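Heads up, the thing below is written out as structure tokens.
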Amino acid sequence: MSLIDMLGAGVSRLMTFNNNVKNTKSIIDLKKGVFNKFVLPGCVCSDGHRAKIFVWDGNREELMISFNGGGAAFNLDDCKYPIDYESILKKSKMLYSPSAEPMYEYIVLMAKDSGIISPESYNPFSDWSKVIIPYVSADFHTGTADVHYIDRKGKDALMHFNGYTNFIQIMKAVKKKYPNPRRILITGSSAGSFGTSALAGKIIDMYPDCQNITIYCDSSYIPNDNWKGIATELWKSPMEITNPIYTDDICGDWLEDLFNHYGDKIKLIYGSSTRDCILAKFTRYHQDGKYIVTEGDCDDIERGLRNRIIRFRDKGIKINYYINDVKDKDGVGTVHCISQDIMWHTVKMENRTPAEWVMDAVEGKLYDVGMELMNL
């Protein structure tokens, strides 16, 4: 569903939104049965607004930390193209979410089926405590930089690549509220999936006594020969995040580093469609600045995903996959992300939904789904 479609459908659910998201003073004073919304000191969105987080206070022994997605800025010129009302109305290029203002809150939390973060009974994680980290920094949640750029009106503007700084402040508060969870699921989709692979190690280190940690990445493959330069020079990501980058597959590098550091202490799982048209579009944009997607671009994504699977297999990296081939209704390839969508509990591959597959992994039953689609 496009952003415009989501906004249109959203008008009729506005009252539901108001009833399901409540302002809270701090993570200590959480209300039950709603998404608690609050700000933390030192957290800022890319456009300067105060950054917010959302917490559903459920079972205190089971904790989900979910990184939201929403594009990225890969150079200073990209900073001109946020997802905002003007861009939506004009149907112009949109590359990242600039803040957690009401439009963003609504789109993220009140889509018809919010999948893995939903409190509805169809979701096997409905009764877990859930920390939702909005993606408002355009840096895969990893940056620490404040940079000047020229906006669409030709004026000087300030961009806050502040994802890592926000994350650290959020996790300090989360640790106080949930000091000893028995099970942890670290997850994210799209840009949030990149963030999951980059930052999961920090969360693991904060919970050294937790013996059941699952890391679930949903749809994060965009090849770029300059990932290390982007993360180091533009976003100013910390060295522990940039050091593991050594190929054009930044998420693959971070996942490899996670396995090398934590091995059997964690369970790594990855979900994706075969020919993700949104990842293909961003890859094409990287290559020649054209924000379009073709069959050939989707073929390249499929080839890259296959190469990553082979790379991990050859290196002995233990990771399990859920691969689907659901066609994208608006594009030439397959769907982008599945974990925060109705497909989370409706799509079946080999008679298992993504929801069932992820919960099985949490419970120690690890297996692959849909691998015959990759023609290995």
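The way I read the labels, and the way they are meant: chains A, B, ... in the order of the structure tokens, residue 1 as the first residue of every chain, and ligand 1 as the first ligand shown, with later ones counted on from there.
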
Any chance you could tabulate, as a Markdown table, the residues of stretch 150-188 of chain A at most 10 Å from stretch 49-53 of chain A with each one's nearest atom pair and distance in Å to one decimal, using only C-alpha atoms, in chain and rising number order?
```
| residue | atom | partner | partner_atom | distance |
| --- | --- | --- | --- | --- |
| A:His160 | CA | A:His49 | CA | 9.9 |
| A:Asn162 | CA | A:Ala51 | CA | 9.7 |
| A:Gly163 | CA | A:Ala51 | CA | 9.8 |
| A:Asn166 | CA | A:Ala51 | CA | 7.7 |
| A:Phe167 | CA | A:Ile53 | CA | 10.0 |
| A:Ile170 | CA | A:Ile53 | CA | 7.7 |
```

Per DSSP on the backbone, what are the strand (DSSP E or B) residues of stretch 139-245 of chain A, as a PDB file with all heavy atoms, in the first residue's frame?
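Okay, part.pdb is ready:
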```pdb
ATOM      1  N   ALA A 145      25.787  12.319  13.448  1.00  0.00           N
ATOM      2  CA  ALA A 145      26.254  13.549  12.790  1.00  0.00           C
ATOM      3  C   ALA A 145      25.151  14.600  12.655  1.00  0.00           C
ATOM      4  O   ALA A 145      23.977  14.271  12.469  1.00  0.00           O
ATOM      5  CB  ALA A 145      26.806  13.214  11.413  1.00  0.00           C
ATOM      6  N   ASP A 146      25.540  15.859  12.730  1.00  0.00           N
ATOM      7  CA  ASP A 146      24.698  16.998  12.366  1.00  0.00           C
ATOM      8  C   ASP A 146      25.364  17.682  11.177  1.00  0.00           C
ATOM      9  O   ASP A 146      26.510  18.133  11.292  1.00  0.00           O
ATOM     10  CB  ASP A 146      24.572  17.993  13.523  1.00  0.00           C
ATOM     11  CG  ASP A 146      23.857  17.396  14.728  1.00  0.00           C
ATOM     12  OD1 ASP A 146      22.977  16.532  14.528  1.00  0.00           O
ATOM     13  OD2 ASP A 146      24.175  17.790  15.863  1.00  0.00           O
ATOM     14  N   VAL A 147      24.676  17.754  10.049  1.00  0.00           N
ATOM     15  CA  VAL A 147      25.288  18.294   8.835  1.00  0.00           C
ATOM     16  C   VAL A 147      24.376  19.332   8.192  1.00  0.00           C
ATOM     17  O   VAL A 147      23.146  19.254   8.284  1.00  0.00           O
ATOM     18  CB  VAL A 147      25.605  17.174   7.818  1.00  0.00           C
ATOM     19  CG1 VAL A 147      26.563  16.157   8.405  1.00  0.00           C
ATOM     20  CG2 VAL A 147      24.329  16.485   7.353  1.00  0.00           C
ATOM     21  N   HIS A 148      24.967  20.301   7.520  1.00  0.00           N
ATOM     22  CA  HIS A 148      24.217  21.312   6.789  1.00  0.00           C
ATOM     23  C   HIS A 148      24.030  20.869   5.341  1.00  0.00           C
ATOM     24  O   HIS A 148      24.908  20.234   4.749  1.00  0.00           O
ATOM     25  CB  HIS A 148      24.955  22.652   6.826  1.00  0.00           C
ATOM     26  CG  HIS A 148      24.903  23.317   8.173  1.00  0.00           C
ATOM     27  ND1 HIS A 148      23.915  24.204   8.528  1.00  0.00           N
ATOM     28  CD2 HIS A 148      25.724  23.206   9.252  1.00  0.00           C
ATOM     29  CE1 HIS A 148      24.118  24.621   9.771  1.00  0.00           C
ATOM     30  NE2 HIS A 148      25.214  24.036  10.235  1.00  0.00           N
ATOM     31  N   TYR A 149      22.865  21.209   4.774  1.00  0.00           N
ATOM     32  CA  TYR A 149      22.590  20.928   3.367  1.00  0.00           C
ATOM     33  C   TYR A 149      21.679  22.022   2.828  1.00  0.00           C
ATOM     34  O   TYR A 149      21.130  22.835   3.589  1.00  0.00           O
ATOM     35  CB  TYR A 149      21.933  19.553   3.203  1.00  0.00           C
ATOM     36  CG  TYR A 149      20.507  19.475   3.709  1.00  0.00           C
ATOM     37  CD1 TYR A 149      19.423  19.589   2.830  1.00  0.00           C
ATOM     38  CD2 TYR A 149      20.232  19.279   5.066  1.00  0.00           C
ATOM     39  CE1 TYR A 149      18.113  19.528   3.284  1.00  0.00           C
ATOM     40  CE2 TYR A 149      18.923  19.213   5.527  1.00  0.00           C
ATOM     41  CZ  TYR A 149      17.870  19.328   4.640  1.00  0.00           C
ATOM     42  OH  TYR A 149      16.581  19.276   5.093  1.00  0.00           O
ATOM     43  N   ILE A 150      21.490  22.068   1.518  1.00  0.00           N
ATOM     44  CA  ILE A 150      20.609  23.032   0.880  1.00  0.00           C
ATOM     45  C   ILE A 150      19.288  22.343   0.561  1.00  0.00           C
ATOM     46  O   ILE A 150      19.265  21.341  -0.168  1.00  0.00           O
ATOM     47  CB  ILE A 150      21.238  23.607  -0.403  1.00  0.00           C
ATOM     48  CG1 ILE A 150      22.603  24.231  -0.084  1.00  0.00           C
ATOM     49  CG2 ILE A 150      20.316  24.631  -1.032  1.00  0.00           C
ATOM     50  CD1 ILE A 150      22.567  25.339   0.954  1.00  0.00           C
ATOM     51  N   ASP A 156      19.600  27.076   3.502  1.00  0.00           N
ATOM     52  CA  ASP A 156      20.452  26.252   4.348  1.00  0.00           C
ATOM     53  C   ASP A 156      19.595  25.534   5.393  1.00  0.00           C
ATOM     54  O   ASP A 156      18.710  26.139   6.009  1.00  0.00           O
ATOM     55  CB  ASP A 156      21.500  27.116   5.051  1.00  0.00           C
ATOM     56  CG  ASP A 156      22.432  26.280   5.924  1.00  0.00           C
ATOM     57  OD1 ASP A 156      23.296  25.583   5.363  1.00  0.00           O
ATOM     58  OD2 ASP A 156      22.273  26.312   7.159  1.00  0.00           O
ATOM     59  N   ALA A 157      19.817  24.253   5.577  1.00  0.00           N
ATOM     60  CA  ALA A 157      19.058  23.461   6.545  1.00  0.00           C
ATOM     61  C   ALA A 157      20.008  22.536   7.291  1.00  0.00           C
ATOM     62  O   ALA A 157      21.127  22.259   6.831  1.00  0.00           O
ATOM     63  CB  ALA A 157      17.978  22.657   5.839  1.00  0.00           C
ATOM     64  N   LEU A 158      19.561  22.079   8.435  1.00  0.00           N
ATOM     65  CA  LEU A 158      20.380  21.202   9.270  1.00  0.00           C
ATOM     66  C   LEU A 158      19.757  19.826   9.335  1.00  0.00           C
ATOM     67  O   LEU A 158      18.565  19.667   9.618  1.00  0.00           O
ATOM     68  CB  LEU A 158      20.505  21.781  10.681  1.00  0.00           C
ATOM     69  CG  LEU A 158      21.450  21.053  11.649  1.00  0.00           C
ATOM     70  CD1 LEU A 158      22.880  21.053  11.110  1.00  0.00           C
ATOM     71  CD2 LEU A 158      21.380  21.695  13.035  1.00  0.00           C
ATOM     72  N   MET A 159      20.552  18.814   9.057  1.00  0.00           N
ATOM     73  CA  MET A 159      20.115  17.422   9.071  1.00  0.00           C
ATOM     74  C   MET A 159      20.767  16.714  10.254  1.00  0.00           C
ATOM     75  O   MET A 159      21.983  16.754  10.425  1.00  0.00           O
ATOM     76  CB  MET A 159      20.538  16.737   7.764  1.00  0.00           C
ATOM     77  CG  MET A 159      20.159  15.272   7.666  1.00  0.00           C
ATOM     78  SD  MET A 159      18.435  15.117   7.180  1.00  0.00           S
ATOM     79  CE  MET A 159      18.341  13.354   6.867  1.00  0.00           C
ATOM     80  N   HIS A 160      19.940  16.057  11.062  1.00  0.00           N
ATOM     81  CA  HIS A 160      20.446  15.326  12.217  1.00  0.00           C
ATOM     82  C   HIS A 160      20.444  13.824  11.907  1.00  0.00           C
ATOM     83  O   HIS A 160      19.399  13.176  11.956  1.00  0.00           O
ATOM     84  CB  HIS A 160      19.587  15.594  13.455  1.00  0.00           C
ATOM     85  CG  HIS A 160      19.499  17.031  13.838  1.00  0.00           C
ATOM     86  ND1 HIS A 160      20.465  17.663  14.585  1.00  0.00           N
ATOM     87  CD2 HIS A 160      18.550  17.959  13.563  1.00  0.00           C
ATOM     88  CE1 HIS A 160      20.109  18.923  14.772  1.00  0.00           C
ATOM     89  NE2 HIS A 160      18.957  19.137  14.162  1.00  0.00           N
ATOM     90  N   PHE A 161      21.603  13.295  11.553  1.00  0.00           N
ATOM     91  CA  PHE A 161      21.763  11.840  11.459  1.00  0.00           C
ATOM     92  C   PHE A 161      22.041  11.355  12.885  1.00  0.00           C
ATOM     93  O   PHE A 161      23.187  11.183  13.294  1.00  0.00           O
ATOM     94  CB  PHE A 161      22.923  11.481  10.533  1.00  0.00           C
ATOM     95  CG  PHE A 161      22.675  11.803   9.085  1.00  0.00           C
ATOM     96  CD1 PHE A 161      23.436  12.765   8.423  1.00  0.00           C
ATOM     97  CD2 PHE A 161      21.688  11.147   8.365  1.00  0.00           C
ATOM     98  CE1 PHE A 161      23.234  13.059   7.086  1.00  0.00           C
ATOM     99  CE2 PHE A 161      21.472  11.436   7.013  1.00  0.00           C
ATOM    100  CZ  PHE A 161      22.241  12.395   6.384  1.00  0.00           C
ATOM    101  N   ARG A 183      12.976 -13.818  27.476  1.00  0.00           N
ATOM    102  CA  ARG A 183      13.139 -13.980  26.035  1.00  0.00           C
ATOM    103  C   ARG A 183      13.155 -12.599  25.392  1.00  0.00           C
ATOM    104  O   ARG A 183      12.382 -11.720  25.769  1.00  0.00           O
ATOM    105  CB  ARG A 183      12.011 -14.824  25.438  1.00  0.00           C
ATOM    106  CG  ARG A 183      11.888 -16.199  26.070  1.00  0.00           C
ATOM    107  CD  ARG A 183      11.089 -17.168  25.221  1.00  0.00           C
ATOM    108  NE  ARG A 183       9.681 -16.817  25.080  1.00  0.00           N
ATOM    109  CZ  ARG A 183       8.759 -17.621  24.532  1.00  0.00           C
ATOM    110  NH1 ARG A 183       9.129 -18.812  24.060  1.00  0.00           N
ATOM    111  NH2 ARG A 183       7.497 -17.262  24.444  1.00  0.00           N
ATOM    112  N   ILE A 184      14.035 -12.423  24.395  1.00  0.00           N
ATOM    113  CA  ILE A 184      14.141 -11.154  23.680  1.00  0.00           C
ATOM    114  C   ILE A 184      14.074 -11.433  22.180  1.00  0.00           C
ATOM    115  O   ILE A 184      14.758 -12.327  21.674  1.00  0.00           O
ATOM    116  CB  ILE A 184      15.458 -10.416  24.005  1.00  0.00           C
ATOM    117  CG1 ILE A 184      15.525 -10.053  25.494  1.00  0.00           C
ATOM    118  CG2 ILE A 184      15.601  -9.152  23.154  1.00  0.00           C
ATOM    119  CD1 ILE A 184      16.855  -9.452  25.910  1.00  0.00           C
ATOM    120  N   LEU A 185      13.257 -10.655  21.481  1.00  0.00           N
ATOM    121  CA  LEU A 185      13.235 -10.661  20.027  1.00  0.00           C
ATOM    122  C   LEU A 185      13.647  -9.275  19.546  1.00  0.00           C
ATOM    123  O   LEU A 185      13.017  -8.278  19.884  1.00  0.00           O
ATOM    124  CB  LEU A 185      11.834 -10.992  19.496  1.00  0.00           C
ATOM    125  CG  LEU A 185      11.659 -10.897  17.978  1.00  0.00           C
ATOM    126  CD1 LEU A 185      12.534 -11.924  17.253  1.00  0.00           C
ATOM    127  CD2 LEU A 185      10.188 -11.069  17.584  1.00  0.00           C
ATOM    128  N   ILE A 186      14.732  -9.219  18.782  1.00  0.00           N
ATOM    129  CA  ILE A 186      15.206  -7.971  18.185  1.00  0.00           C
ATOM    130  C   ILE A 186      14.861  -8.040  16.704  1.00  0.00           C
ATOM    131  O   ILE A 186      15.284  -8.968  16.010  1.00  0.00           O
ATOM    132  CB  ILE A 186      16.722  -7.794  18.370  1.00  0.00           C
ATOM    133  CG1 ILE A 186      17.110  -7.966  19.842  1.00  0.00           C
ATOM    134  CG2 ILE A 186      17.176  -6.426  17.863  1.00  0.00           C
ATOM    135  CD1 ILE A 186      18.605  -8.112  20.071  1.00  0.00           C
ATOM    136  N   THR A 187      14.094  -7.070  16.219  1.00  0.00           N
ATOM    137  CA  THR A 187      13.591  -7.180  14.854  1.00  0.00           C
ATOM    138  C   THR A 187      13.470  -5.814  14.197  1.00  0.00           C
ATOM    139  O   THR A 187      13.503  -4.776  14.855  1.00  0.00           O
ATOM    140  CB  THR A 187      12.218  -7.891  14.829  1.00  0.00           C
ATOM    141  OG1 THR A 187      11.809  -8.114  13.483  1.00  0.00           O
ATOM    142  CG2 THR A 187      11.162  -7.079  15.561  1.00  0.00           C
ATOM    143  N   GLY A 188      13.325  -5.822  12.885  1.00  0.00           N
ATOM    144  CA  GLY A 188      13.116  -4.600  12.124  1.00  0.00           C
ATOM    145  C   GLY A 188      12.865  -4.950  10.678  1.00  0.00           C
ATOM    146  O   GLY A 188      13.252  -6.024  10.198  1.00  0.00           O
ATOM    147  N   SER A 189      12.184  -4.044   9.980  1.00  0.00           N
ATOM    148  CA  SER A 189      11.909  -4.257   8.567  1.00  0.00           C
ATOM    149  C   SER A 189      12.483  -3.111   7.754  1.00  0.00           C
ATOM    150  O   SER A 189      12.549  -1.970   8.212  1.00  0.00           O
ATOM    151  CB  SER A 189      10.397  -4.364   8.319  1.00  0.00           C
ATOM    152  OG  SER A 189       9.731  -3.194   8.739  1.00  0.00           O
ATOM    153  N   ILE A 213      17.724 -15.255  22.858  1.00  0.00           N
ATOM    154  CA  ILE A 213      17.700 -14.028  22.062  1.00  0.00           C
ATOM    155  C   ILE A 213      17.603 -14.398  20.587  1.00  0.00           C
ATOM    156  O   ILE A 213      18.434 -15.149  20.066  1.00  0.00           O
ATOM    157  CB  ILE A 213      18.957 -13.171  22.301  1.00  0.00           C
ATOM    158  CG1 ILE A 213      19.040 -12.755  23.779  1.00  0.00           C
ATOM    159  CG2 ILE A 213      18.940 -11.937  21.403  1.00  0.00           C
ATOM    160  CD1 ILE A 213      20.284 -11.968  24.132  1.00  0.00           C
ATOM    161  N   THR A 214      16.573 -13.880  19.923  1.00  0.00           N
ATOM    162  CA  THR A 214      16.357 -14.120  18.500  1.00  0.00           C
ATOM    163  C   THR A 214      16.471 -12.802  17.748  1.00  0.00           C
ATOM    164  O   THR A 214      15.930 -11.783  18.195  1.00  0.00           O
ATOM    165  CB  THR A 214      14.967 -14.729  18.251  1.00  0.00           C
ATOM    166  OG1 THR A 214      14.807 -15.897  19.062  1.00  0.00           O
ATOM    167  CG2 THR A 214      14.790 -15.099  16.781  1.00  0.00           C
ATOM    168  N   ILE A 215      17.160 -12.815  16.631  1.00  0.00           N
ATOM    169  CA  ILE A 215      17.324 -11.627  15.794  1.00  0.00           C
ATOM    170  C   ILE A 215      16.675 -11.913  14.449  1.00  0.00           C
ATOM    171  O   ILE A 215      17.096 -12.806  13.716  1.00  0.00           O
ATOM    172  CB  ILE A 215      18.812 -11.277  15.616  1.00  0.00           C
ATOM    173  CG1 ILE A 215      19.444 -10.983  16.985  1.00  0.00           C
ATOM    174  CG2 ILE A 215      18.983 -10.082  14.681  1.00  0.00           C
ATOM    175  CD1 ILE A 215      20.940 -11.019  16.977  1.00  0.00           C
ATOM    176  N   TYR A 216      15.619 -11.152  14.161  1.00  0.00           N
ATOM    177  CA  TYR A 216      14.837 -11.363  12.942  1.00  0.00           C
ATOM    178  C   TYR A 216      14.913 -10.127  12.059  1.00  0.00           C
ATOM    179  O   TYR A 216      14.379  -9.073  12.383  1.00  0.00           O
ATOM    180  CB  TYR A 216      13.386 -11.669  13.312  1.00  0.00           C
ATOM    181  CG  TYR A 216      12.394 -11.615  12.174  1.00  0.00           C
ATOM    182  CD1 TYR A 216      12.704 -12.109  10.910  1.00  0.00           C
ATOM    183  CD2 TYR A 216      11.119 -11.090  12.369  1.00  0.00           C
ATOM    184  CE1 TYR A 216      11.786 -12.057   9.869  1.00  0.00           C
ATOM    185  CE2 TYR A 216      10.185 -11.047  11.336  1.00  0.00           C
ATOM    186  CZ  TYR A 216      10.527 -11.532  10.094  1.00  0.00           C
ATOM    187  OH  TYR A 216       9.607 -11.478   9.062  1.00  0.00           O
ATOM    188  N   CYS A 217      15.592 -10.249  10.922  1.00  0.00           N
ATOM    189  CA  CYS A 217      15.715  -9.170   9.948  1.00  0.00           C
ATOM    190  C   CYS A 217      14.761  -9.418   8.781  1.00  0.00           C
ATOM    191  O   CYS A 217      14.732 -10.514   8.227  1.00  0.00           O
ATOM    192  CB  CYS A 217      17.149  -9.073   9.426  1.00  0.00           C
ATOM    193  SG  CYS A 217      18.342  -8.506  10.660  1.00  0.00           S
ATOM    194  N   ASP A 218      14.002  -8.378   8.415  1.00  0.00           N
ATOM    195  CA  ASP A 218      13.029  -8.478   7.339  1.00  0.00           C
ATOM    196  C   ASP A 218      13.397  -7.514   6.216  1.00  0.00           C
ATOM    197  O   ASP A 218      13.244  -6.305   6.345  1.00  0.00           O
ATOM    198  CB  ASP A 218      11.640  -8.145   7.902  1.00  0.00           C
ATOM    199  CG  ASP A 218      10.536  -8.173   6.849  1.00  0.00           C
ATOM    200  OD1 ASP A 218      10.797  -8.644   5.718  1.00  0.00           O
ATOM    201  OD2 ASP A 218       9.411  -7.728   7.161  1.00  0.00           O
TER     202      ASP A 218
END
```

task: Name the residues in contact with A:Ala231 at a cut-off of 8 Å, using only C-alpha atoms, excluding same-chain residues fewer than 3 positions from it; report them as a count of residues only.
output: 10

- request: Go through A:Lys31, A:Lys315, A:His286, A:Arg306 and flag the residue nearest A:Met371, using only C-alpha atoms for the distances.
  value: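 Checking each candidate against A:Met371, we get A:Arg306 as the closest.
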
task: Just the residues within 8 Å of A:Ile301, please, counting only C-alpha atoms, with nothing from its chain fewer than 6 positions along; format it as a list in words.
output: Tyr221, Ile222, Thr274, Arg275, Asp276, Leu279 and Ala280 of chain A

Restrict the selected residues to all heavy atoms and save them as a CSV table (one decimal), in the first residue's frame.
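Now in result_1.csv:
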```csv
chain,number,residue,atom,x,y,z
A,221,TYR,N,18.6,-5.9,1.8
A,221,TYR,CA,19.7,-6.0,0.8
A,221,TYR,C,19.7,-4.9,-0.2
A,221,TYR,O,18.8,-4.8,-1.0
A,221,TYR,CB,19.6,-7.4,0.1
A,221,TYR,CG,20.7,-7.5,-0.9
A,221,TYR,CD1,22.0,-7.7,-0.6
A,221,TYR,CD2,20.4,-7.4,-2.3
A,221,TYR,CE1,23.0,-7.8,-1.6
A,221,TYR,CE2,21.3,-7.4,-3.3
A,221,TYR,CZ,22.7,-7.6,-2.9
A,221,TYR,OH,23.6,-7.7,-3.9
A,222,ILE,N,20.6,-4.0,-0.1
A,222,ILE,CA,20.9,-3.0,-1.1
A,222,ILE,C,22.4,-2.9,-1.3
A,222,ILE,O,23.1,-2.5,-0.5
A,222,ILE,CB,20.4,-1.6,-0.6
A,222,ILE,CG1,18.9,-1.6,-0.3
A,222,ILE,CG2,20.7,-0.5,-1.6
A,222,ILE,CD1,18.3,-0.3,0.2
A,274,THR,N,11.7,-12.8,-3.0
A,274,THR,CA,12.8,-13.1,-4.0
A,274,THR,C,13.3,-11.9,-4.8
A,274,THR,O,14.5,-11.8,-5.0
A,274,THR,CB,12.3,-14.2,-5.0
A,274,THR,OG1,11.1,-13.8,-5.6
A,274,THR,CG2,12.1,-15.5,-4.2
A,275,ARG,N,12.4,-11.0,-5.2
A,275,ARG,CA,12.7,-10.0,-6.1
A,275,ARG,C,12.1,-8.6,-5.6
A,275,ARG,O,11.3,-8.0,-6.3
A,275,ARG,CB,12.2,-10.3,-7.5
A,275,ARG,CG,12.8,-11.7,-8.0
A,275,ARG,CD,12.2,-12.2,-9.3
A,275,ARG,NE,12.7,-11.3,-10.4
A,275,ARG,CZ,12.0,-10.5,-11.1
A,275,ARG,NH1,10.7,-10.2,-10.8
A,275,ARG,NH2,12.5,-9.8,-12.1
A,276,ASP,N,12.5,-8.3,-4.4
A,276,ASP,CA,11.9,-7.1,-3.7
A,276,ASP,C,12.0,-5.8,-4.6
A,276,ASP,O,13.1,-5.3,-4.8
A,276,ASP,CB,12.7,-7.0,-2.4
A,276,ASP,CG,12.1,-5.9,-1.5
A,276,ASP,OD1,11.7,-4.8,-1.9
A,276,ASP,OD2,12.0,-6.2,-0.3
A,279,LEU,N,13.5,-2.6,-2.7
A,279,LEU,CA,15.0,-2.7,-2.6
A,279,LEU,C,15.6,-2.5,-3.9
A,279,LEU,O,16.7,-1.8,-4.0
A,279,LEU,CB,15.4,-4.0,-1.9
A,279,LEU,CG,15.0,-4.2,-0.5
A,279,LEU,CD1,15.5,-5.6,0.0
A,279,LEU,CD2,15.5,-3.1,0.4
A,280,ALA,N,15.0,-3.0,-5.0
A,280,ALA,CA,15.5,-2.8,-6.3
A,280,ALA,C,15.5,-1.3,-6.7
A,280,ALA,O,16.4,-0.8,-7.4
A,280,ALA,CB,14.7,-3.7,-7.3
```

- request: Just the helix (DSSP H, G or I) stuff from stretch 47-157 of chain A, please, per backbone DSSP, written as a ChimeraX atom specification.
  value: /A:77-80,85-90,102-109,115-117

Based on the selection just made, write N, CA, C and O atoms of those residues as a JSON list (two decimals), in the first residue's frame.
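That gives us result_11.json:
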```json
[["chain", "number", "residue", "atom", "x", "y", "z"],
["A", 77, "ASP", "N", 22.64, 15.59, -0.99],
["A", 77, "ASP", "CA", 21.53, 15.95, -1.86],
["A", 77, "ASP", "C", 20.26, 15.18, -1.49],
["A", 77, "ASP", "O", 19.15, 15.70, -1.63],
["A", 78, "ASP", "N", 20.40, 13.93, -1.00],
["A", 78, "ASP", "CA", 19.24, 13.14, -0.61],
["A", 78, "ASP", "C", 18.46, 13.79, 0.52],
["A", 78, "ASP", "O", 17.26, 13.53, 0.68],
["A", 79, "CYS", "N", 19.11, 14.62, 1.32],
["A", 79, "CYS", "CA", 18.44, 15.27, 2.44],
["A", 79, "CYS", "C", 17.29, 16.17, 1.98],
["A", 79, "CYS", "O", 16.41, 16.52, 2.77],
["A", 80, "LYS", "N", 17.26, 16.53, 0.71],
["A", 80, "LYS", "CA", 16.21, 17.38, 0.16],
["A", 80, "LYS", "C", 14.87, 16.67, 0.02],
["A", 80, "LYS", "O", 13.85, 17.32, -0.22],
["A", 85, "TYR", "N", 4.08, 16.07, 3.79],
["A", 85, "TYR", "CA", 2.79, 16.31, 3.15],
["A", 85, "TYR", "C", 2.95, 16.87, 1.74],
["A", 85, "TYR", "O", 2.26, 16.46, 0.81],
["A", 86, "GLU", "N", 3.88, 17.80, 1.57],
["A", 86, "GLU", "CA", 4.08, 18.42, 0.26],
["A", 86, "GLU", "C", 4.49, 17.38, -0.77],
["A", 86, "GLU", "O", 3.98, 17.35, -1.90],
["A", 87, "SER", "N", 5.43, 16.51, -0.40],
["A", 87, "SER", "CA", 5.90, 15.50, -1.34],
["A", 87, "SER", "C", 4.81, 14.50, -1.69],
["A", 87, "SER", "O", 4.70, 14.04, -2.83],
["A", 88, "ILE", "N", 3.99, 14.15, -0.70],
["A", 88, "ILE", "CA", 2.90, 13.20, -0.95],
["A", 88, "ILE", "C", 1.89, 13.80, -1.92],
["A", 88, "ILE", "O", 1.46, 13.15, -2.88],
["A", 89, "LEU", "N", 1.51, 15.04, -1.67],
["A", 89, "LEU", "CA", 0.51, 15.69, -2.52],
["A", 89, "LEU", "C", 1.02, 15.87, -3.95],
["A", 89, "LEU", "O", 0.27, 15.73, -4.92],
["A", 90, "LYS", "N", 2.31, 16.18, -4.10],
["A", 90, "LYS", "CA", 2.89, 16.39, -5.42],
["A", 90, "LYS", "C", 3.40, 15.10, -6.06],
["A", 90, "LYS", "O", 3.85, 15.10, -7.20],
["A", 102, "PRO", "N", 2.60, 13.52, 13.84],
["A", 102, "PRO", "CA", 1.38, 12.70, 13.78],
["A", 102, "PRO", "C", 1.23, 11.84, 12.54],
["A", 102, "PRO", "O", 0.79, 10.70, 12.64],
["A", 103, "MET", "N", 1.60, 12.36, 11.35],
["A", 103, "MET", "CA", 1.45, 11.56, 10.14],
["A", 103, "MET", "C", 2.24, 10.27, 10.26],
["A", 103, "MET", "O", 1.75, 9.18, 9.97],
["A", 104, "TYR", "N", 3.48, 10.38, 10.73],
["A", 104, "TYR", "CA", 4.33, 9.20, 10.85],
["A", 104, "TYR", "C", 3.76, 8.24, 11.90],
["A", 104, "TYR", "O", 3.67, 7.04, 11.69],
["A", 105, "GLU", "N", 3.38, 8.79, 13.06],
["A", 105, "GLU", "CA", 2.83, 7.95, 14.12],
["A", 105, "GLU", "C", 1.64, 7.15, 13.61],
["A", 105, "GLU", "O", 1.51, 5.95, 13.87],
["A", 106, "TYR", "N", 0.79, 7.83, 12.90],
["A", 106, "TYR", "CA", -0.43, 7.18, 12.42],
["A", 106, "TYR", "C", -0.12, 6.06, 11.43],
["A", 106, "TYR", "O", -0.64, 4.95, 11.52],
["A", 107, "ILE", "N", 0.73, 6.36, 10.47],
["A", 107, "ILE", "CA", 1.07, 5.37, 9.44],
["A", 107, "ILE", "C", 1.70, 4.13, 10.05],
["A", 107, "ILE", "O", 1.38, 3.00, 9.70],
["A", 108, "VAL", "N", 2.59, 4.33, 11.01],
["A", 108, "VAL", "CA", 3.32, 3.21, 11.60],
["A", 108, "VAL", "C", 2.43, 2.35, 12.48],
["A", 108, "VAL", "O", 2.43, 1.12, 12.39],
["A", 109, "LEU", "N", 1.65, 2.99, 13.35],
["A", 109, "LEU", "CA", 0.94, 2.24, 14.38],
["A", 109, "LEU", "C", -0.49, 1.88, 14.05],
["A", 109, "LEU", "O", -1.05, 0.98, 14.67],
["A", 115, "GLY", "N", 0.92, -6.33, 12.00],
["A", 115, "GLY", "CA", 1.78, -7.49, 12.01],
["A", 115, "GLY", "C", 2.43, -7.79, 13.34],
["A", 115, "GLY", "O", 1.77, -7.91, 14.37],
["A", 116, "ILE", "N", 3.73, -7.85, 13.34],
["A", 116, "ILE", "CA", 4.49, -8.31, 14.49],
["A", 116, "ILE", "C", 4.35, -7.42, 15.72],
["A", 116, "ILE", "O", 4.55, -7.87, 16.84],
["A", 117, "ILE", "N", 4.00, -6.14, 15.53],
["A", 117, "ILE", "CA", 3.84, -5.26, 16.68],
["A", 117, "ILE", "C", 2.38, -5.15, 17.13],
["A", 117, "ILE", "O", 2.07, -4.43, 18.08]]
```

- prompt: Which neighbours of A:Lys290 fall inside 9 Å, counting only C-alpha atoms, when residues of the same chain fewer than 6 positions from it are skipped, and could you give them as number ranges by chain?
  reply: A: 281-282, 284

task: Could you give me, as a PyMOL selection string, the residues within 12 Å of A:Gly316, counting only C-alpha atoms and dropping anything in the same chain fewer than 2 positions from it?
output: chain A and resi 256+259-260+263+309-314+318-319

- request: Compile the contact shell of A:Tyr81 as an MDAnalysis selection string: residues with an atom at most 7 Å away, counting only C-alpha atoms, same-chain residues fewer than 4 positions apart removed.
  value: chainID A and resid 93:95
